[in-house]
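Visitor: Let me begin by handing over the structure; questions about it come next.
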Amino acid sequence: MADILKFDEACRTVYSGGRLIKGIGTKGEKSVHAVLKNYYEPYHDSQEQKIGGYIADIVGKNGIIEIQTGHFSSLSDKLDAFLPISRVTVVFPVFVKKRIVTLDGETGEVISRRTSPVKETAYEIFRNLFPISKFLTHDNLSFIIVLLEADELRVPPESVGRKKRRRGRLSVIDRVPTALVDEISIKCLHDWEKLIPCLFEEDFTTEILSQRAGISRETASMALSALFRGGVVSRTGKIGNAYTYRFSYD
């Protein structure tokens with residue numbers, strides 16, 4: 001269950017020094033990563049710990065927590081090292097609401113704010129699962145999909161040392177979490193039912209999944225490609241040219 005008070009405290013911890021354009025930490029850590037790291041582990045001695053030749057975001061009483069704000073391809077080697085020795089939770093943030101905040105590149109002054117028409121959903125995780133699909137049935141692996149509201153900070157690209165873009169397009173320099181909406185926990189294979197409502201009922205196709213989950217056919221196809229490769233679902237036959245699937249793990 002989402003802990004709003006704890007999340008707000010994590011935000012205060014990260015933002016207490018004041019920040020607009022520059023990242024924090026020695027590696028220019030972005031706000032989403034910093035806030036979630038402090039939300040899941042406020043004790044700093046448990047953060048950024050070396051395990052098996054890799055740096056884990058958090059090592060604590062709940063095992064290893066990896067906060068993944070980008071593509072999952074970089075996770076594969078870490079999971080190879082971490083999963084045999086510890087429980088691993090992959091935290092994946094999605095932005096269900098964003099405000100586009102345009103800043104003056106020199107002063108950091110806010111020039112404009114507007115609500116973005118783009119709204120992400122928990123199904124964004126399926127666009128990233130394929131590189132780590134071989135681990136999906138591992139008993140030590142779980143996921144938390146974090147639904148956030150955030151301000152997306154944009155500046156003229158030349159103000160941050162980037163090439164000026166055509167049509168005056170701005171560069172995104174950070175996404176600053178402003179509210180925690182919910183958390184979806186995938187602790188076991190049956191928890192995928194939270195995202196795939198037809199997974200355990202009957203044979204289904206990509207099109208059926210797309211319709212029942214209210215997602216694009218492309219996203220449904222990505223989901224099934226990853227879950228099939230990971231052994232979470234199996235192919236049971238065909239309807240016309242479309243494969244049918246069923247949950248395959250007992």
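By order of appearance in the structure tokens: chains A, B, ..., then residues from 1 within every chain, and ligands from 1 in the order shown.
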Set the distance at 9 Å and use only C-alpha atoms: which residues neighbour Tyr123 of chain A once local chain neighbours fewer than 4 positions away are removed? I'd like the list as an mmCIF file with N, CA, C and O atoms, in the first residue's frame.

Guide:
```
data_model
loop_
_atom_site.group_PDB
_atom_site.id
_atom_site.type_symbol
_atom_site.label_atom_id
_atom_site.label_comp_id
_atom_site.auth_asym_id
_atom_site.auth_seq_id
_atom_site.Cartn_x
_atom_site.Cartn_y
_atom_site.Cartn_z
ATOM 1 N N ARG A 127 6.859 -2.827 -22.037
ATOM 2 C CA ARG A 127 7.766 -2.354 -23.078
ATOM 3 C C ARG A 127 9.228 -2.585 -22.694
ATOM 4 O O ARG A 127 10.125 -2.369 -23.498
ATOM 5 N N LEU A 195 -2.580 -7.070 -14.088
ATOM 6 C CA LEU A 195 -2.425 -6.353 -15.348
ATOM 7 C C LEU A 195 -3.033 -7.099 -16.532
ATOM 8 O O LEU A 195 -3.343 -6.492 -17.553
ATOM 9 N N ILE A 215 -5.472 -1.797 -23.687
ATOM 10 C CA ILE A 215 -4.144 -1.358 -24.108
ATOM 11 C C ILE A 215 -4.021 -1.549 -25.613
ATOM 12 O O ILE A 215 -4.835 -2.237 -26.236
ATOM 13 N N THR A 219 1.340 -2.980 -27.350
ATOM 14 C CA THR A 219 1.714 -3.248 -25.963
ATOM 15 C C THR A 219 1.343 -4.672 -25.568
ATOM 16 O O THR A 219 2.110 -5.353 -24.880
ATOM 17 N N ALA A 220 0.174 -5.136 -26.001
ATOM 18 C CA ALA A 220 -0.234 -6.512 -25.707
ATOM 19 C C ALA A 220 0.729 -7.512 -26.324
ATOM 20 O O ALA A 220 1.078 -8.530 -25.707
ATOM 21 N N ALA A 223 3.865 -7.568 -24.270
ATOM 22 C CA ALA A 223 3.621 -8.291 -23.022
ATOM 23 C C ALA A 223 3.721 -9.796 -23.236
ATOM 24 O O ALA A 223 4.424 -10.507 -22.500
#
```

Visitor: As number ranges by chain, please: the residues near Glu41 of chain A (cut-off 12 Å, only C-alpha atoms, same-chain neighbours under 2 positions excluded).

Guide: A: 6-7, 9-10, 13, 33-39, 43-48, 57-67

Visitor: Selected residues, C-alpha atoms, written as an mmCIF file, in the first residue's frame, please.

Guide:
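The result, written out as result-v1.cif:
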```
data_model
loop_
_atom_site.group_PDB
_atom_site.id
_atom_site.type_symbol
_atom_site.label_atom_id
_atom_site.label_comp_id
_atom_site.auth_asym_id
_atom_site.auth_seq_id
_atom_site.Cartn_x
_atom_site.Cartn_y
_atom_site.Cartn_z
ATOM 1 C CA LYS A 6 6.666 8.517 3.785
ATOM 2 C CA PHE A 7 6.819 9.551 0.131
ATOM 3 C CA GLU A 9 9.234 12.917 3.516
ATOM 4 C CA ALA A 10 11.451 11.364 0.823
ATOM 5 C CA THR A 13 14.842 14.972 1.901
ATOM 6 C CA HIS A 33 15.630 7.845 -8.769
ATOM 7 C CA ALA A 34 16.682 9.849 -5.704
ATOM 8 C CA VAL A 35 13.170 10.190 -4.286
ATOM 9 C CA LEU A 36 12.294 6.519 -4.751
ATOM 10 C CA LYS A 37 15.594 5.436 -3.258
ATOM 11 C CA ASN A 38 14.874 7.483 -0.139
ATOM 12 C CA TYR A 39 11.249 6.323 -0.081
ATOM 13 C CA TYR A 43 18.720 4.804 5.920
ATOM 14 C CA HIS A 44 21.561 6.038 3.693
ATOM 15 C CA ASP A 45 24.059 3.405 4.833
ATOM 16 C CA SER A 46 21.877 0.810 3.072
ATOM 17 C CA GLN A 47 22.016 2.689 -0.247
ATOM 18 C CA GLU A 48 24.534 2.224 -3.074
ATOM 19 C CA ASP A 57 20.592 0.830 -5.160
ATOM 20 C CA ILE A 58 19.443 -0.579 -1.823
ATOM 21 C CA VAL A 59 20.520 -3.556 0.289
ATOM 22 C CA GLY A 60 18.357 -3.997 3.376
ATOM 23 C CA LYS A 61 15.990 -6.219 5.324
ATOM 24 C CA ASN A 62 13.849 -6.759 2.223
ATOM 25 C CA GLY A 63 16.798 -7.844 0.112
ATOM 26 C CA ILE A 64 18.080 -5.891 -2.872
ATOM 27 C CA ILE A 65 16.004 -3.122 -4.436
ATOM 28 C CA GLU A 66 16.857 -1.819 -7.891
ATOM 29 C CA ILE A 67 15.145 1.361 -9.093
#
```

Visitor: Would you mind telling me which residue in A:Ala150, A:Leu136, A:Cys188, A:Val88 lies nearest to Arg175 of chain A when using only C-alpha atoms?

Guide: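 Closest residue, counting only C-alpha atoms: A:Ala150.
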
Visitor: Using only C-alpha atoms, which residues sit within 6 Å of Ser171 of chain A once same-chain residues fewer than 5 positions away are excluded, as a list in words?

Guide: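 Final neighbour list, sorted by chain and number: Arg154, Val155 and Pro157 of chain A.
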
Visitor: Among segment 40-236 of chain A, which ones does DSSP place in alpha helix (DSSP H), written as a list in words?

Guide: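 Of segment 40-236 of chain A, only Tyr40, Ser76, Asp77, Lys78, Leu79, Asp80, Ala81, Phe82, Thr206, Glu207, Ile208, Leu209, Ser210, Gln211, Arg212, Ala213, Arg217, Glu218, Thr219, Ala220, Ser221, Met222, Ala223, Leu224, Ser225, Ala226, Leu227, Phe228 and Arg229 of chain A fall in alpha helix (DSSP H).
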
Visitor: Let's have the selection written as a tab-separated table (two decimals), in the first residue's frame, with C-alpha atoms.

Guide:
```tsv
chain	number	residue	atom	x	y	z
A	40	TYR	CA	12.14	2.63	-0.05
A	76	SER	CA	20.26	-8.50	-16.96
A	77	ASP	CA	23.84	-8.84	-15.72
A	78	LYS	CA	22.89	-7.50	-12.30
A	79	LEU	CA	20.07	-10.00	-11.94
A	80	ASP	CA	22.44	-12.82	-12.90
A	81	ALA	CA	24.61	-11.79	-9.96
A	82	PHE	CA	21.92	-10.81	-7.44
A	206	THR	CA	-3.06	-10.76	-28.42
A	207	GLU	CA	-6.25	-9.07	-29.63
A	208	ILE	CA	-8.30	-10.40	-26.70
A	209	LEU	CA	-5.68	-9.17	-24.24
A	210	SER	CA	-5.61	-5.77	-25.93
A	211	GLN	CA	-9.38	-5.41	-25.64
A	212	ARG	CA	-9.79	-6.66	-22.07
A	213	ALA	CA	-6.86	-4.72	-20.65
A	217	ARG	CA	-2.22	-4.20	-29.65
A	218	GLU	CA	1.48	-3.30	-29.76
A	219	THR	CA	1.71	-3.25	-25.96
A	220	ALA	CA	-0.23	-6.51	-25.71
A	221	SER	CA	2.14	-8.11	-28.20
A	222	MET	CA	5.16	-6.91	-26.21
A	223	ALA	CA	3.62	-8.29	-23.02
A	224	LEU	CA	3.02	-11.73	-24.49
A	225	SER	CA	6.43	-11.88	-26.15
A	226	ALA	CA	8.12	-11.31	-22.79
A	227	LEU	CA	5.80	-13.56	-20.77
A	228	PHE	CA	6.03	-16.37	-23.33
A	229	ARG	CA	9.82	-16.15	-23.50
```

Visitor: Between atom CA of Phe247 of chain A and atom CA of Ile145 of chain A, what is the distance, to one decimal in Å?

Guide: 21.2 Å

Visitor: As number ranges by chain, please: all residues of segment 30-196 of chain A that backbone DSSP puts in strand (DSSP E or B).

Guide: A: 47-51, 54-60, 63-67, 88-103, 110-115, 141-155, 171-186

Visitor: Give me, please, the distance in Å between atom CA of Pro84 of chain A and atom CA of Leu189 of chain A, quoted to one decimal.

Guide: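 That distance, rounded to one decimal, is 18.2 Å.
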
Visitor: Restricting the calculation to only C-alpha atoms, which member of A:Ile111, A:Ile184, A:Val118, A:Ile125 is positioned closest to Leu147 of chain A?

Guide: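 Nearest to Leu147 of chain A: A:Ile184.
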
Visitor: Out of A:Val91, A:Val32, A:Val181, A:Ala2, which residue has the shortest atom-to-atom distance to Asp151 of chain A when counting only C-alpha atoms?

Guide: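 Among the listed residues, the smallest separation from Asp151 of chain A belongs to A:Val32.
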
Visitor: Using only C-alpha atoms for the distances, tell me which of A:Ile196, A:Ile186, A:Ala242, A:Val146 is nearest to Glu120 of chain A.

Guide: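 Comparing A:Ile196, A:Ile186, A:Ala242, A:Val146 against Glu120 of chain A, the winner is A:Val146.
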
Visitor: Which is closest to Val14 of chain A among A:Glu29, A:Glu193, A:Glu152, A:Asp104, if we use only C-alpha atoms?

Guide: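 Using only C-alpha atoms, Val14 of chain A sits closest to A:Glu29.
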
Visitor: Which residue out of A:Thr205, A:Cys198, A:Asn140, A:Ala179 has the minimum interatomic distance to Ile4 of chain A when only C-alpha atoms are used?

Guide: A:Ala179

Visitor: Need to verify the contact set: His71 of chain A, 9 Å, only C-alpha atoms, exclusion of same-chain residues closer than 2 positions in sequence. Can you return it as a ChimeraX atom specification?

Guide: /A:68-69,73-75,127-129,131

Visitor: Go ahead and save the picked residues with N, CA, C and O atoms, as a PDB file, in the first residue's frame.

Guide:
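Generated output (out_7.pdb):
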```
ATOM      1  N   GLN A  68      14.608   1.215 -11.425  1.00  0.00           N
ATOM      2  CA  GLN A  68      14.918   1.232 -12.848  1.00  0.00           C
ATOM      3  C   GLN A  68      14.044   2.248 -13.565  1.00  0.00           C
ATOM      4  O   GLN A  68      12.871   1.999 -13.839  1.00  0.00           O
ATOM      5  N   THR A  69      14.614   3.406 -13.860  1.00  0.00           N
ATOM      6  CA  THR A  69      13.852   4.465 -14.519  1.00  0.00           C
ATOM      7  C   THR A  69      13.977   4.410 -16.037  1.00  0.00           C
ATOM      8  O   THR A  69      13.266   5.130 -16.737  1.00  0.00           O
ATOM      9  N   SER A  73      17.444  -3.381 -20.175  1.00  0.00           N
ATOM     10  CA  SER A  73      18.568  -4.136 -20.738  1.00  0.00           C
ATOM     11  C   SER A  73      19.790  -4.100 -19.830  1.00  0.00           C
ATOM     12  O   SER A  73      20.565  -5.065 -19.766  1.00  0.00           O
ATOM     13  N   SER A  74      19.956  -3.014 -19.091  1.00  0.00           N
ATOM     14  CA  SER A  74      21.105  -2.901 -18.200  1.00  0.00           C
ATOM     15  C   SER A  74      20.955  -3.736 -16.933  1.00  0.00           C
ATOM     16  O   SER A  74      21.900  -3.879 -16.162  1.00  0.00           O
ATOM     17  N   LEU A  75      19.772  -4.300 -16.716  1.00  0.00           N
ATOM     18  CA  LEU A  75      19.509  -5.079 -15.499  1.00  0.00           C
ATOM     19  C   LEU A  75      19.954  -6.533 -15.593  1.00  0.00           C
ATOM     20  O   LEU A  75      20.166  -7.184 -14.568  1.00  0.00           O
ATOM     21  N   ARG A 127       6.859  -2.827 -22.037  1.00  0.00           N
ATOM     22  CA  ARG A 127       7.766  -2.354 -23.078  1.00  0.00           C
ATOM     23  C   ARG A 127       9.228  -2.585 -22.694  1.00  0.00           C
ATOM     24  O   ARG A 127      10.125  -2.369 -23.498  1.00  0.00           O
ATOM     25  N   ASN A 128       9.454  -3.013 -21.457  1.00  0.00           N
ATOM     26  CA  ASN A 128      10.817  -3.157 -20.957  1.00  0.00           C
ATOM     27  C   ASN A 128      11.181  -4.566 -20.506  1.00  0.00           C
ATOM     28  O   ASN A 128      12.348  -4.853 -20.272  1.00  0.00           O
ATOM     29  N   LEU A 129      10.196  -5.449 -20.396  1.00  0.00           N
ATOM     30  CA  LEU A 129      10.432  -6.758 -19.776  1.00  0.00           C
ATOM     31  C   LEU A 129      11.283  -7.719 -20.600  1.00  0.00           C
ATOM     32  O   LEU A 129      11.963  -8.578 -20.040  1.00  0.00           O
ATOM     33  N   PRO A 131      14.174  -7.913 -22.180  1.00  0.00           N
ATOM     34  CA  PRO A 131      15.588  -8.217 -21.892  1.00  0.00           C
ATOM     35  C   PRO A 131      15.807  -9.034 -20.623  1.00  0.00           C
ATOM     36  O   PRO A 131      16.868  -9.635 -20.462  1.00  0.00           O
TER      37      PRO A 131
END
```
